[in-house]
Amino acid sequence: MSAVPATSKAKPWLLDFAALAAIWGASFLFMRTAAVEFGAVPTAAVRVLVATLSLLPLIWLRGLLPELRRHWKPVLLIGMLNSGIPFALFSFALLSITTGLSAILNATVPLFGAVIAWVWLKDRPNASRSLGLVIGFVGVALLAWDKASFKPDANGIAPAWAVLACLLASVCYGISGSYTKRFLMQVPPMVTATGSQIGATLGLALPALWLWPAQWPSGHAWLAVVVLGVVCTGLAYILFFRLISNVGPAKTLTVTFVVPVFALFYGAVFLGETLTPWMLGCGLVVVCGTALATGLLRLPKRH
C-alpha cells in the first residue's frame with residue numbers, strides 16, 4: 001500500500017524537474033534574441049519586470065501578500081543574486097558566444113554550489129565529491145581555454161569576457177542556493193519567486209534606463225523578452241523554489257545538467273548553431289565532475 005503514495009509523490013517532482021530544464025534551455029534562445037536589440041542589462045530588467053507583473057496577481061489571489069511583507073528583506077535580496085545579476089551576465093555573454101556554450105557553462109552551477117555550501121554551510125565534501133570538484137574545474141578550465149581570447153569579435157565583445165560572465169552568473173546561482181537553504185526554506189515558493197523578481201526589478205531599474213537602446217526594439221524582440229519574463233522566469237522560478245522546498249538545493253541545482261541538452265537542441269534547430277567535439281568533450285567532463293561533486297555519482301567503495 002505504501003508504494004502508491006511514493007509514486008504519486010515522485011511524479012510531480014520529476015515533472016517539475018523536466019519542465020524546468022526544458023524552459024531554462026529555451027531561455028538562452030530568447031535571451032540572445034532580445035539582447036541583440038535591447039542590450040544585456042535592459043533585457044534582464046524587462047524580463048524581471050514582466051515576471052513581477054505576471055506573478056503579483058497570483059500571490060494576491062492566493063492571499064500570500066502578508067507572507068511577502070513578512071519576509072521581504074531576504075526575498076528581495078535573493079532576487080539580485082538569483083535573477084538580476086545572472087540574467088544580465090548571461091544576456092551579455094550571449095552577444096558573443098553560442099547558446100549551447102552558455103548552457104554548458106551554466107551546468108557548473110552545482111559545482112560552485114557545492115564549494116559555497118562547503119565554505120558557508122560547512123557541508124564538507126567526502127573524497128568522491130572532492131575529486132568531482134577537481135574534475136569539474138578542470139573541465140571548465142579546458143572549455144574556457146578554447147575561448148580565452150580577449151580580442152573583441154564582430155560584436156565588440158571578447159569571447160573570454162563572455163565565458164567569465166557565464167561563470168560569475170553560475171557563482172551567483174550557487175550562492176543563492178545556499179542562501180535559500182539557510183534563510184528561505186519556510187517561505188512559500190510562490191512568495192520567494194515573486195519577491196525575488198521584485199528585488200531584481202528594483203535593482204536593475206536605474207541601470208536599464210541608463211543603458212536603454214537609442215532605437216526602440218522590434219516586436220520580435222519584445223515578444224522574446226515577454227516570453228522570457230512570463231515563462232522562463234515567472235513560471236520557471238515557481239518550479240525552481242518548489243523543487244528546493246521539496247528535494248533541497250543540491251538536487252534541484254542538478255537541473256543544470258539537463259538544461260544544455262535542450263539549449264543545444266533549440267540552438268541547432270532555430271539558430272543553426274553547431275556543437276564542436278571540443279565543447280562536447282569538455283561539457284562531458286564538467287557534467288561528470290559536477291555529478292561527483294554533488295553526490296549524484298559516487299566512487300565505488302573499497303572492500
# chains A, B, ... in the order shown; residues from 1 in each chain; ligands from 1

$ select_by_dssp --residues "stretch 119-294 of chain A" --states "alpha helix (DSSP H)" --output "NGL selection string"
:A and (119-120 or 127-145 or 159-183 or 189-210 or 219-229 or 236-247 or 249-253 or 255-266 or 277-293)

$ residues_around --residues "stretch 157-163 of chain A" --least-positions-apart "5" --cutoff "12 Å" --atoms "only C-alpha atoms" --output "PyMOL selection string"
chain A and resi 40+88-99+101-106+108+140-152+168-170

$ write_last_selection --atoms "N, CA and C atoms" --output "mmCIF file, in the first residue's frame"
data_model
loop_
_atom_site.group_PDB
_atom_site.id
_atom_site.type_symbol
_atom_site.label_atom_id
_atom_site.label_comp_id
_atom_site.auth_asym_id
_atom_site.auth_seq_id
_atom_site.Cartn_x
_atom_site.Cartn_y
_atom_site.Cartn_z
ATOM 1 N N ALA A 40 22.230 43.971 -22.873
ATOM 2 C CA ALA A 40 22.232 42.980 -21.798
ATOM 3 C C ALA A 40 21.397 43.397 -20.588
ATOM 4 N N ALA A 88 21.565 39.454 -16.412
ATOM 5 C CA ALA A 88 22.326 40.463 -17.143
ATOM 6 C C ALA A 88 23.634 39.873 -17.677
ATOM 7 N N LEU A 89 24.296 39.041 -16.874
ATOM 8 C CA LEU A 89 25.571 38.449 -17.285
ATOM 9 C C LEU A 89 25.389 37.485 -18.452
ATOM 10 N N PHE A 90 24.372 36.642 -18.393
ATOM 11 C CA PHE A 90 24.139 35.710 -19.497
ATOM 12 C C PHE A 90 23.694 36.445 -20.764
ATOM 13 N N SER A 91 22.889 37.479 -20.612
ATOM 14 C CA SER A 91 22.483 38.263 -21.787
ATOM 15 C C SER A 91 23.698 38.900 -22.450
ATOM 16 N N PHE A 92 24.627 39.386 -21.631
ATOM 17 C CA PHE A 92 25.877 39.945 -22.158
ATOM 18 C C PHE A 92 26.682 38.872 -22.889
ATOM 19 N N ALA A 93 26.812 37.700 -22.271
ATOM 20 C CA ALA A 93 27.619 36.630 -22.854
ATOM 21 C C ALA A 93 27.054 36.152 -24.190
ATOM 22 N N LEU A 94 25.736 36.109 -24.293
ATOM 23 C CA LEU A 94 25.099 35.578 -25.493
ATOM 24 C C LEU A 94 25.240 36.493 -26.704
ATOM 25 N N LEU A 95 25.756 37.697 -26.502
ATOM 26 C CA LEU A 95 26.066 38.566 -27.630
ATOM 27 C C LEU A 95 27.346 38.129 -28.333
ATOM 28 N N SER A 96 28.106 37.221 -27.666
ATOM 29 C CA SER A 96 29.405 36.842 -28.208
ATOM 30 C C SER A 96 29.580 35.339 -28.404
ATOM 31 N N ILE A 97 28.973 34.524 -27.536
ATOM 32 C CA ILE A 97 29.143 33.075 -27.639
ATOM 33 C C ILE A 97 27.789 32.412 -27.884
ATOM 34 N N THR A 98 27.810 31.127 -28.254
ATOM 35 C CA THR A 98 26.585 30.429 -28.631
ATOM 36 C C THR A 98 25.733 30.088 -27.410
ATOM 37 N N THR A 99 24.459 29.813 -27.685
ATOM 38 C CA THR A 99 23.561 29.406 -26.608
ATOM 39 C C THR A 99 24.005 28.077 -26.006
ATOM 40 N N LEU A 101 27.143 26.826 -25.731
ATOM 41 C CA LEU A 101 28.290 27.008 -24.845
ATOM 42 C C LEU A 101 27.853 27.676 -23.546
ATOM 43 N N SER A 102 26.972 28.646 -23.630
ATOM 44 C CA SER A 102 26.469 29.315 -22.428
ATOM 45 C C SER A 102 25.766 28.321 -21.504
ATOM 46 N N ALA A 103 24.974 27.435 -22.089
ATOM 47 C CA ALA A 103 24.250 26.447 -21.287
ATOM 48 C C ALA A 103 25.200 25.447 -20.648
ATOM 49 N N ILE A 104 26.262 25.063 -21.375
ATOM 50 C CA ILE A 104 27.250 24.146 -20.792
ATOM 51 C C ILE A 104 27.945 24.802 -19.611
ATOM 52 N N LEU A 105 28.304 26.077 -19.745
ATOM 53 C CA LEU A 105 28.922 26.797 -18.636
ATOM 54 C C LEU A 105 27.935 26.955 -17.483
ATOM 55 N N ASN A 106 26.665 27.077 -17.801
ATOM 56 C CA ASN A 106 25.639 27.146 -16.768
ATOM 57 C C ASN A 106 25.552 25.844 -15.977
ATOM 58 N N THR A 108 27.822 24.436 -14.601
ATOM 59 C CA THR A 108 28.755 24.472 -13.469
ATOM 60 C C THR A 108 28.088 24.977 -12.194
ATOM 61 N N VAL A 140 36.015 22.974 -16.790
ATOM 62 C CA VAL A 140 35.731 24.394 -17.013
ATOM 63 C C VAL A 140 36.946 25.102 -17.589
ATOM 64 N N ALA A 141 38.121 24.800 -17.015
ATOM 65 C CA ALA A 141 39.353 25.436 -17.486
ATOM 66 C C ALA A 141 39.628 25.097 -18.945
ATOM 67 N N LEU A 142 39.429 23.833 -19.314
ATOM 68 C CA LEU A 142 39.651 23.428 -20.702
ATOM 69 C C LEU A 142 38.661 24.095 -21.645
ATOM 70 N N LEU A 143 37.417 24.161 -21.212
ATOM 71 C CA LEU A 143 36.385 24.792 -22.032
ATOM 72 C C LEU A 143 36.649 26.286 -22.188
ATOM 73 N N ALA A 144 37.036 26.932 -21.089
ATOM 74 C CA ALA A 144 37.321 28.363 -21.131
ATOM 75 C C ALA A 144 38.577 28.652 -21.954
ATOM 76 N N TRP A 145 39.556 27.749 -21.893
ATOM 77 C CA TRP A 145 40.814 27.958 -22.615
ATOM 78 C C TRP A 145 40.572 28.066 -24.115
ATOM 79 N N ASP A 146 39.592 27.298 -24.602
ATOM 80 C CA ASP A 146 39.285 27.337 -26.029
ATOM 81 C C ASP A 146 38.717 28.691 -26.442
ATOM 82 N N LYS A 147 38.177 29.431 -25.484
ATOM 83 C CA LYS A 147 37.600 30.756 -25.763
ATOM 84 C C LYS A 147 38.361 31.845 -25.008
ATOM 85 N N ALA A 148 39.669 31.622 -24.798
ATOM 86 C CA ALA A 148 40.428 32.510 -23.925
ATOM 87 C C ALA A 148 40.862 33.815 -24.582
ATOM 88 N N SER A 149 40.466 34.049 -25.798
ATOM 89 C CA SER A 149 40.879 35.265 -26.488
ATOM 90 C C SER A 149 40.160 36.492 -25.921
ATOM 91 N N PHE A 150 40.949 37.518 -25.613
ATOM 92 C CA PHE A 150 40.384 38.783 -25.161
ATOM 93 C C PHE A 150 40.303 39.784 -26.317
ATOM 94 N N LYS A 151 40.471 39.265 -27.538
ATOM 95 C CA LYS A 151 40.341 40.108 -28.722
ATOM 96 C C LYS A 151 38.862 40.234 -29.083
ATOM 97 N N PRO A 152 38.323 41.457 -29.194
ATOM 98 C CA PRO A 152 36.895 41.633 -29.491
ATOM 99 C C PRO A 152 36.508 40.988 -30.818
ATOM 100 N N LEU A 168 30.624 33.748 -13.611
ATOM 101 C CA LEU A 168 30.212 34.605 -12.497
ATOM 102 C C LEU A 168 28.715 34.443 -12.231
ATOM 103 N N ALA A 169 27.928 34.322 -13.285
ATOM 104 C CA ALA A 169 26.496 34.081 -13.119
ATOM 105 C C ALA A 169 26.254 32.757 -12.397
ATOM 106 N N SER A 170 27.042 31.746 -12.732
ATOM 107 C CA SER A 170 26.905 30.448 -12.064
ATOM 108 C C SER A 170 27.256 30.535 -10.586
#

$ closest_residue --among "A:Val41, A:Ala268, A:Pro207, A:Gly113" --to "A:Tyr179" --atoms "only C-alpha atoms"
A:Gly113

$ closest_atom_pairs --of "stretch 31-150 of chain A" --to "stretch 237-246 of chain A" --cutoff "12 Å" --atoms "only C-alpha atoms" --output "tab-separated table"
residue	atom	partner	partner_atom	distance
A:Val48	CA	A:Tyr237	CA	11.0
A:Ala51	CA	A:Tyr237	CA	9.5
A:Thr52	CA	A:Tyr237	CA	11.2
A:Ser54	CA	A:Ile238	CA	11.7
A:Leu55	CA	A:Ile238	CA	9.3
A:Leu58	CA	A:Ile238	CA	11.1
A:Ile59	CA	A:Ile238	CA	11.2
A:Val75	CA	A:Phe241	CA	11.6
A:Ile78	CA	A:Phe241	CA	11.5
A:Gly79	CA	A:Tyr237	CA	10.7
A:Asn82	CA	A:Tyr237	CA	9.6
A:Ser83	CA	A:Tyr237	CA	9.5

$ write_last_selection --atoms "C-alpha atoms" --output "compact mmCIF listing (two decimals), in the first residue's frame"
# COMPACT_ATOMS: atom_id res chain seq x y z
CA VAL A 48 12.18 40.51 -14.37
CA ALA A 51 7.86 38.27 -14.40
CA THR A 52 6.89 40.52 -11.49
CA SER A 54 2.73 38.14 -14.05
CA LEU A 55 3.36 36.79 -10.53
CA LEU A 58 -1.18 35.21 -8.37
CA ILE A 59 0.11 35.77 -4.83
CA VAL A 75 13.36 37.61 -0.56
CA ILE A 78 17.78 36.76 -3.34
CA GLY A 79 16.29 38.48 -6.39
CA ASN A 82 19.32 34.57 -8.40
CA SER A 83 17.86 36.75 -11.15

$ closest_residue --among "A:Met190, A:Val255, A:Ala117, A:Ile135" --to "A:Trp60" --atoms "only C-alpha atoms"
A:Met190

$ residues_around --residues "A:Ile175" --least-positions-apart "2" --cutoff "8 Å" --atoms "only C-alpha atoms" --output "PyMOL selection string"
chain A and resi 81+113+116+171-173+177-179

$ atom_distance --atom1 "atom CA of A:Met279" --atom2 "atom CA of A:Arg47"
28.7 Å

$ residues_around --residues "A:Leu20" --least-positions-apart "4" --cutoff "12 Å" --atoms "only C-alpha atoms" --output "ChimeraX atom specification"
/A:12-16,24-27,231-243,252-259,262

$ closest_residue --among "A:Val119, A:Leu164, A:Ala21, A:Val191" --to "A:Leu65" --atoms "only C-alpha atoms"
A:Val191

$ atom_distance --atom1 "atom CA of A:Gly199" --atom2 "atom CA of A:Thr290"
29.6 Å

$ residues_around --residues "stretch 67-73 of chain A" --least-positions-apart "4" --cutoff "12 Å" --atoms "only C-alpha atoms" --output "list in words"
Leu56, Ile59, Trp60, Arg62, Gly63, Leu77, Ile78, Gly79, Met80, Phe183, Leu184, Met185, Gln186, Val187, Pro188, Pro189, Met190, Val191, Thr192, Ala193, Thr194, Gly195, Ser196, Gln197, Ile198 and Gly199 of chain A

$ closest_residue --among "A:Ile23, A:Ala214, A:Ala205, A:Leu29" --to "A:Tyr266" --atoms "only C-alpha atoms"
A:Leu29
